[in-house]
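*Asks:* To start, I am sharing the structure in question, which I have written as structure tokens.
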Amino acid sequence: MKPEGSARFIIAVNGVPVEACAGMSVAAALLDAGLPSRMSVDGEPRAPLCGMGICFECAATIDGISLVRTCQVFCRPGMRVETA
Amino acid sequence: MSDPLHVVVVGAGPGGMAAAAAAAEHGCRVQLADESPAPGGQLWRGYDRASARHSPHGAAYAKWIARLDASGAEILPGTSVVDHPGSGLLRVERGGQPRDLEFDRLIVATGARERFLPFPGWTLPGVTGVGGLQALVKAGLPIAGKRIAVAGSGPLLLAVAAGLTRAGAAVLGIFEQAPPSQLVQFGATLMAHPAKLVEGAQYRWITRHASYKTGWWVKGAIGNARLESIAVTDGASTREMACDYLACSYHLAPNLELAQLLGCRIENGLVYVNAVQETSVPGVFCAGEPTGIGGLDKALVEGQMAGLAAAGHIGKAAQFLPTRQRLAGFAQRLDRAFAPRAELRALAEPGTIVCRCEDVTRAELEHCTSGRAARLHTRCGMGPCQGRICGPATEFLFGWSAAGVRPPIYPVRVATLAGSPIDWTTESTLATHMKK
């Protein structure tokens, strides 16, 4: 549930603007936008599985910090997310 | 007067909250550490003090958060336990910074995670856990109008399907793998727990437009780079349905890593505890799912027992014994009712990935004789999740017992292990280090 009336803003995913809002995790924003959160060892696209910080399928680089579990981090205006 | 006993509780779900409150109310200095930004665990995820009364289970949360606040226990949110560097010491990471917590008594209340079993297509984006999809929705994933299948096993299926329906999703079907005969037996035992029957009936009413099929399971997920449809079967016939999300998991697996790191004895895949929740390691207690998957009531009772016993009030703790025994019986019946059927072992094909972190397929694992051999030869379980997802799967598929743990029990920044301040400019993590 997107919180009613919460402000919408833009985060950058690999340099591309993606719409998000307060109270939305980075993992939820990526999944909703149809973007993989990482590419697997063999190059398959992956997206969140467990949603609670265990599986690391949603791990990405946020504002320069690598291997962040994006399901545990809320979107902030101007955030830069890099998926690999 | 001597210094108060210092009690550290790890895990701020219902069990940890009850343990922390009980110990603090009995004169201990208590710190309650949890990875999440707020107490509540998985069951009470996203609840807050102001709005909880309007949520399912909200009254119980409101009662316990008020009791925890009044107890004087210190809450340490956003705190991950990394290591046990010495007696009476836990190394944690908080806000990227290492820190050591000292304790006289430790209470392990680390809860459970969903059990995942591999099937063709389970790595496609759009395939999530059952609790996993619920957590993502609570974290802002828009779900209104999406076509969702809920599958796997356990009481969570109906509860989550109800939540998704209320959030506006089109739940296409609920597929419970357990055969009807197994569930009927379980249903009969629920007569002793009327509240659970009422709750189940409410969930079924909310999801009344979705079919609820027992003895059906997902045999494959299909899609090109994203989930497009699934195939479900009852072993005789197969049906395909187009969907946007598949929420699928097979009941729960206890989080044993911290207990294992501390050297606690594990029996039949659960943490051994005595009559007052003390583990085989003196001064270390355990409460909730790690001693048996039993849900809220069991966690609250065992949490109180552990908190009281850690504070030295053994007699008061022992008063809960008859209740604990009844709830342990409920946990065993849950395990039996939702035990995965043998057919699920055959779902993963030779090319199906079992270890998602390292892309290890079933075919690669068939040659291995143990979990340890698999780690050495294929890297199965060596990725960032450290076997938390594939461990229960390989246990079910091949009968491999859970591997022992080595610190760090989570990928951490190297500086946390060294105990020195973080240098963010290096961006180094242990996980990337290990890959080299």
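Numbering starts fresh at 1 for the residues of each chain in the structure tokens, the chains themselves are lettered A, B, ... in the order given, and ligands are numbered from 1 as they appear.
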Select, as a ChimeraX atom specification, those residues of chain B with any atom no more than 6 Å from chain A (distances computed using only C-alpha atoms).
*Replies:* /B:125,128-129,132,135-137,139-142,385,427
*Asks:* Give me the residues near A:Ala60 as a count of residues only, where near means some atom within 9 Å (using only C-alpha atoms) and where sequence neighbours in that chain fewer than 6 positions away do not count.
*Replies:* 11
*Asks:* Of the candidates B:Met382, B:Leu252, B:Ala162, B:Ala374, which shows the shortest atom-to-atom distance to B:Pro340, using only C-alpha atoms?
*Replies:*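 Nearest candidate to B:Pro340 out of B:Met382, B:Leu252, B:Ala162, B:Ala374: B:Leu252.
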*Asks:* Can you check which parts of stretch 235-317 of chain B lie within 6 Å of stretch 144-155 of chain B? Per residue, the shortest pair of atoms and distance in Å to one decimal, counting only C-alpha atoms, sorted by chain and number, as a tab-separated table.
*Replies:*
residue	atom	partner	partner_atom	distance
B:Cys243	CA	B:Arg147	CA	4.9
B:Asp244	CA	B:Arg147	CA	5.2
B:Tyr245	CA	B:Ile148	CA	4.9
B:Leu246	CA	B:Ala149	CA	4.9
B:Ala247	CA	B:Val150	CA	4.8
B:Cys248	CA	B:Ala151	CA	4.6
B:Ser249	CA	B:Gly152	CA	4.8
B:Tyr250	CA	B:Ser153	CA	4.5
B:His251	CA	B:Gly154	CA	4.7
*Asks:* Give me a file of those residues, with C-alpha atoms, as a CSV table (one decimal), in the first residue's frame.
*Replies:*
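Result file again-v4.csv:
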chain,number,residue,atom,x,y,z
B,243,CYS,CA,-0.3,-14.1,-13.0
B,244,ASP,CA,1.8,-11.1,-12.0
B,245,TYR,CA,3.1,-12.5,-8.7
B,246,LEU,CA,3.5,-15.9,-7.2
B,247,ALA,CA,3.8,-15.9,-3.4
B,248,CYS,CA,5.2,-19.4,-2.5
B,249,SER,CA,6.9,-20.9,0.5
B,250,TYR,CA,6.6,-24.0,2.6
B,251,HIS,CA,5.9,-23.2,6.2
*Asks:* Write down as a ChimeraX atom specification the residues of chain A whose backbone DSSP state falls under strand (DSSP E).
*Replies:* /A:8-13,16-21,38-39,45-46,59-62,65-69,80-82
*Asks:* Just how far from atom CA of B:Arg115 is atom CA of B:Thr207, in Å to one decimal?
*Replies:*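 A separation of 23.5 Å between them.
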*Asks:* Excluding stretch 17-25 of chain B and its own-chain neighbours fewer than 5 positions away, which residues fall within 6 Å of it when counting only C-alpha atoms? Please give them as a list in words.
*Replies:*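 In the requested form, the answer reads Ala12, Val30, Leu68, Ser71, Ala73, Leu300, Gly303, Gln304, Ala306, Gly307, Leu308 and Ala311 of chain B.
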*Asks:* Restricting the output to C-alpha atoms, write the selected residues as a PDB file, in the first residue's frame.
*Replies:*
ATOM      1  CA  ALA B  12      12.580  -7.965  18.951  1.00  0.00           C
ATOM      2  CA  VAL B  30      18.199  -5.036  29.494  1.00  0.00           C
ATOM      3  CA  LEU B  68       8.150  -3.026  26.979  1.00  0.00           C
ATOM      4  CA  SER B  71       9.836  -1.837  31.661  1.00  0.00           C
ATOM      5  CA  ALA B  73      14.474  -2.013  28.573  1.00  0.00           C
ATOM      6  CA  LEU B 300       5.066 -14.816  24.185  1.00  0.00           C
ATOM      7  CA  GLY B 303       9.753 -15.148  26.084  1.00  0.00           C
ATOM      8  CA  GLN B 304       8.323 -14.407  29.507  1.00  0.00           C
ATOM      9  CA  ALA B 306      13.234 -16.848  29.433  1.00  0.00           C
ATOM     10  CA  GLY B 307      13.143 -13.285  30.778  1.00  0.00           C
ATOM     11  CA  LEU B 308      12.110 -14.405  34.259  1.00  0.00           C
ATOM     12  CA  ALA B 311      16.553 -12.585  35.931  1.00  0.00           C
TER      13      ALA B 311
END
*Asks:* Quick one: distance from atom CA of B:Ile353 to atom CA of B:His377 in Å, one decimal?
*Replies:* 15.6 Å
*Asks:* For B:Cys357, which residue out of B:Gly329, B:Thr123, B:Gln319, B:Gly294 is the nearest one, using only C-alpha atoms?
*Replies:*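 Going through B:Gly329, B:Thr123, B:Gln319, B:Gly294 one by one, the smallest distance to B:Cys357 is for B:Thr123.
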*Asks:* Please compute the atom CA of B:Ala178-atom CA of B:Pro350 distance, one decimal, in Å.
*Replies:*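 Computing the Euclidean distance for atom CA of B:Ala178 and atom CA of B:Pro350 yields 24.9 Å.
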*Asks:* List the neighbours of B:Pro282 out to 12 Å using only C-alpha atoms; skip same-chain residues closer than 2 positions along the sequence, and give me the result as a PyMOL selection string.
*Replies:* chain B and resi 87-88+104-107+262-265+273-274+276-280+284-286+309-310
*Asks:* Generate the output file for the selected residues, N, CA and C atoms, as an mmCIF file, in the first residue's frame.
*Replies:*
data_model
loop_
_atom_site.group_PDB
_atom_site.id
_atom_site.type_symbol
_atom_site.label_atom_id
_atom_site.label_comp_id
_atom_site.auth_asym_id
_atom_site.auth_seq_id
_atom_site.Cartn_x
_atom_site.Cartn_y
_atom_site.Cartn_z
ATOM 1 N N SER B 87 33.669 -14.738 25.802
ATOM 2 C CA SER B 87 32.648 -15.007 26.805
ATOM 3 C C SER B 87 31.961 -13.705 27.224
ATOM 4 N N GLY B 88 30.627 -13.725 27.251
ATOM 5 C CA GLY B 88 29.875 -12.560 27.704
ATOM 6 C C GLY B 88 29.933 -11.371 26.765
ATOM 7 N N ASP B 104 25.579 -10.577 30.977
ATOM 8 C CA ASP B 104 25.658 -11.662 31.959
ATOM 9 C C ASP B 104 24.781 -12.826 31.517
ATOM 10 N N ARG B 105 23.629 -12.462 30.931
ATOM 11 C CA ARG B 105 22.694 -13.465 30.411
ATOM 12 C C ARG B 105 22.303 -13.037 29.001
ATOM 13 N N LEU B 106 22.134 -14.025 28.121
ATOM 14 C CA LEU B 106 21.760 -13.725 26.738
ATOM 15 C C LEU B 106 20.486 -14.500 26.391
ATOM 16 N N ILE B 107 19.550 -13.823 25.740
ATOM 17 C CA ILE B 107 18.318 -14.498 25.313
ATOM 18 C C ILE B 107 18.245 -14.452 23.784
ATOM 19 N N LEU B 262 26.832 -19.654 19.216
ATOM 20 C CA LEU B 262 27.082 -19.640 20.652
ATOM 21 C C LEU B 262 27.384 -21.038 21.190
ATOM 22 N N GLY B 263 27.219 -22.055 20.341
ATOM 23 C CA GLY B 263 27.525 -23.422 20.758
ATOM 24 C C GLY B 263 26.357 -24.135 21.402
ATOM 25 N N CYS B 264 25.135 -23.613 21.252
ATOM 26 C CA CYS B 264 23.963 -24.260 21.853
ATOM 27 C C CYS B 264 23.680 -25.579 21.147
ATOM 28 N N ARG B 265 23.257 -26.565 21.919
ATOM 29 C CA ARG B 265 22.965 -27.872 21.335
ATOM 30 C C ARG B 265 21.705 -27.778 20.464
ATOM 31 N N VAL B 273 16.224 -26.647 24.856
ATOM 32 C CA VAL B 273 16.122 -25.835 26.078
ATOM 33 C C VAL B 273 15.611 -26.703 27.223
ATOM 34 N N ASN B 274 15.950 -26.297 28.471
ATOM 35 C CA ASN B 274 15.460 -27.023 29.640
ATOM 36 C C ASN B 274 14.084 -26.478 30.046
ATOM 37 N N VAL B 276 13.137 -24.163 31.864
ATOM 38 C CA VAL B 276 12.961 -22.710 31.955
ATOM 39 C C VAL B 276 13.693 -21.984 30.812
ATOM 40 N N GLN B 277 13.738 -22.620 29.646
ATOM 41 C CA GLN B 277 14.233 -22.018 28.397
ATOM 42 C C GLN B 277 15.743 -21.815 28.343
ATOM 43 N N GLU B 278 16.505 -22.401 29.285
ATOM 44 C CA GLU B 278 17.954 -22.254 29.216
ATOM 45 C C GLU B 278 18.499 -23.297 28.239
ATOM 46 N N THR B 279 19.436 -22.880 27.374
ATOM 47 C CA THR B 279 20.016 -23.789 26.395
ATOM 48 C C THR B 279 21.104 -24.629 27.059
ATOM 49 N N SER B 280 21.805 -25.431 26.253
ATOM 50 C CA SER B 280 22.900 -26.250 26.803
ATOM 51 C C SER B 280 24.074 -25.376 27.242
ATOM 52 N N VAL B 284 22.705 -18.800 28.618
ATOM 53 C CA VAL B 284 22.113 -18.479 27.311
ATOM 54 C C VAL B 284 20.738 -19.140 27.213
ATOM 55 N N PHE B 285 19.711 -18.314 26.995
ATOM 56 C CA PHE B 285 18.331 -18.786 26.937
ATOM 57 C C PHE B 285 17.803 -18.644 25.510
ATOM 58 N N CYS B 286 16.719 -19.341 25.211
ATOM 59 C CA CYS B 286 16.144 -19.248 23.874
ATOM 60 C C CYS B 286 14.625 -19.307 23.972
ATOM 61 N N ALA B 309 13.556 -16.339 33.960
ATOM 62 C CA ALA B 309 14.636 -17.248 34.350
ATOM 63 C C ALA B 309 15.989 -16.537 34.268
ATOM 64 N N ALA B 310 16.176 -15.718 33.224
ATOM 65 C CA ALA B 310 17.442 -14.982 33.104
ATOM 66 C C ALA B 310 17.616 -14.034 34.288
#
*Asks:* List the neighbours of B:Pro179 out to 9 Å using only C-alpha atoms; skip same-chain residues closer than 6 positions along the sequence, and give me the result as an MDAnalysis selection string.
*Replies:* chainID B and resid 214:216 337:338 341
*Asks:* If DSSP is run on the backbone, what residues of stretch 179-246 of chain B are alpha helix (DSSP H)? A reply as a ChimeraX atom specification would be ideal.
*Replies:* /B:180-189,194-206
*Asks:* Would you list the contacts of A:Gly15 as a compact mmCIF listing (two decimals) with N, CA and C atoms, in the first residue's frame, taking every protein, DNA or RNA residue within 12 Å and counting only C-alpha atoms, but skipping same-chain residues closer than 2 positions in sequence?
*Replies:*
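Writing done, so here's around.txt:
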# COMPACT_ATOMS: atom_id res chain seq x y z
N ILE A 10 11.74 11.29 -7.09
CA ILE A 10 12.49 10.49 -8.06
C ILE A 10 13.76 9.96 -7.40
N ILE A 11 14.03 8.67 -7.65
CA ILE A 11 15.35 8.14 -7.33
C ILE A 11 16.00 7.74 -8.65
N ALA A 12 17.32 7.63 -8.67
CA ALA A 12 18.03 7.25 -9.89
C ALA A 12 18.47 5.80 -9.78
N VAL A 13 18.03 4.98 -10.73
CA VAL A 13 18.45 3.58 -10.77
C VAL A 13 19.31 3.40 -12.01
N PRO A 17 15.68 7.74 -14.08
CA PRO A 17 14.74 8.14 -13.03
C PRO A 17 13.64 7.11 -12.81
N VAL A 18 13.36 6.81 -11.54
CA VAL A 18 12.28 5.89 -11.16
C VAL A 18 11.46 6.58 -10.09
N ASP A 63 23.92 4.77 -2.96
CA ASP A 63 24.78 5.93 -2.66
C ASP A 63 26.22 5.50 -2.39
N GLY A 78 16.48 11.77 -4.41
CA GLY A 78 17.85 11.93 -4.88
C GLY A 78 18.75 10.73 -4.67
N MET A 79 18.18 9.65 -4.11
CA MET A 79 18.98 8.45 -3.86
C MET A 79 19.51 7.88 -5.18
N ARG A 80 20.76 7.39 -5.15
CA ARG A 80 21.34 6.76 -6.34
C ARG A 80 21.50 5.27 -6.09
N VAL A 81 20.85 4.47 -6.93
CA VAL A 81 20.91 3.01 -6.80
C VAL A 81 21.61 2.44 -8.03
N GLU A 82 22.57 1.58 -7.80
CA GLU A 82 23.24 0.90 -8.92
C GLU A 82 23.00 -0.60 -8.76
N THR A 83 22.48 -1.23 -9.81
CA THR A 83 22.32 -2.69 -9.75
C THR A 83 23.38 -3.32 -10.66
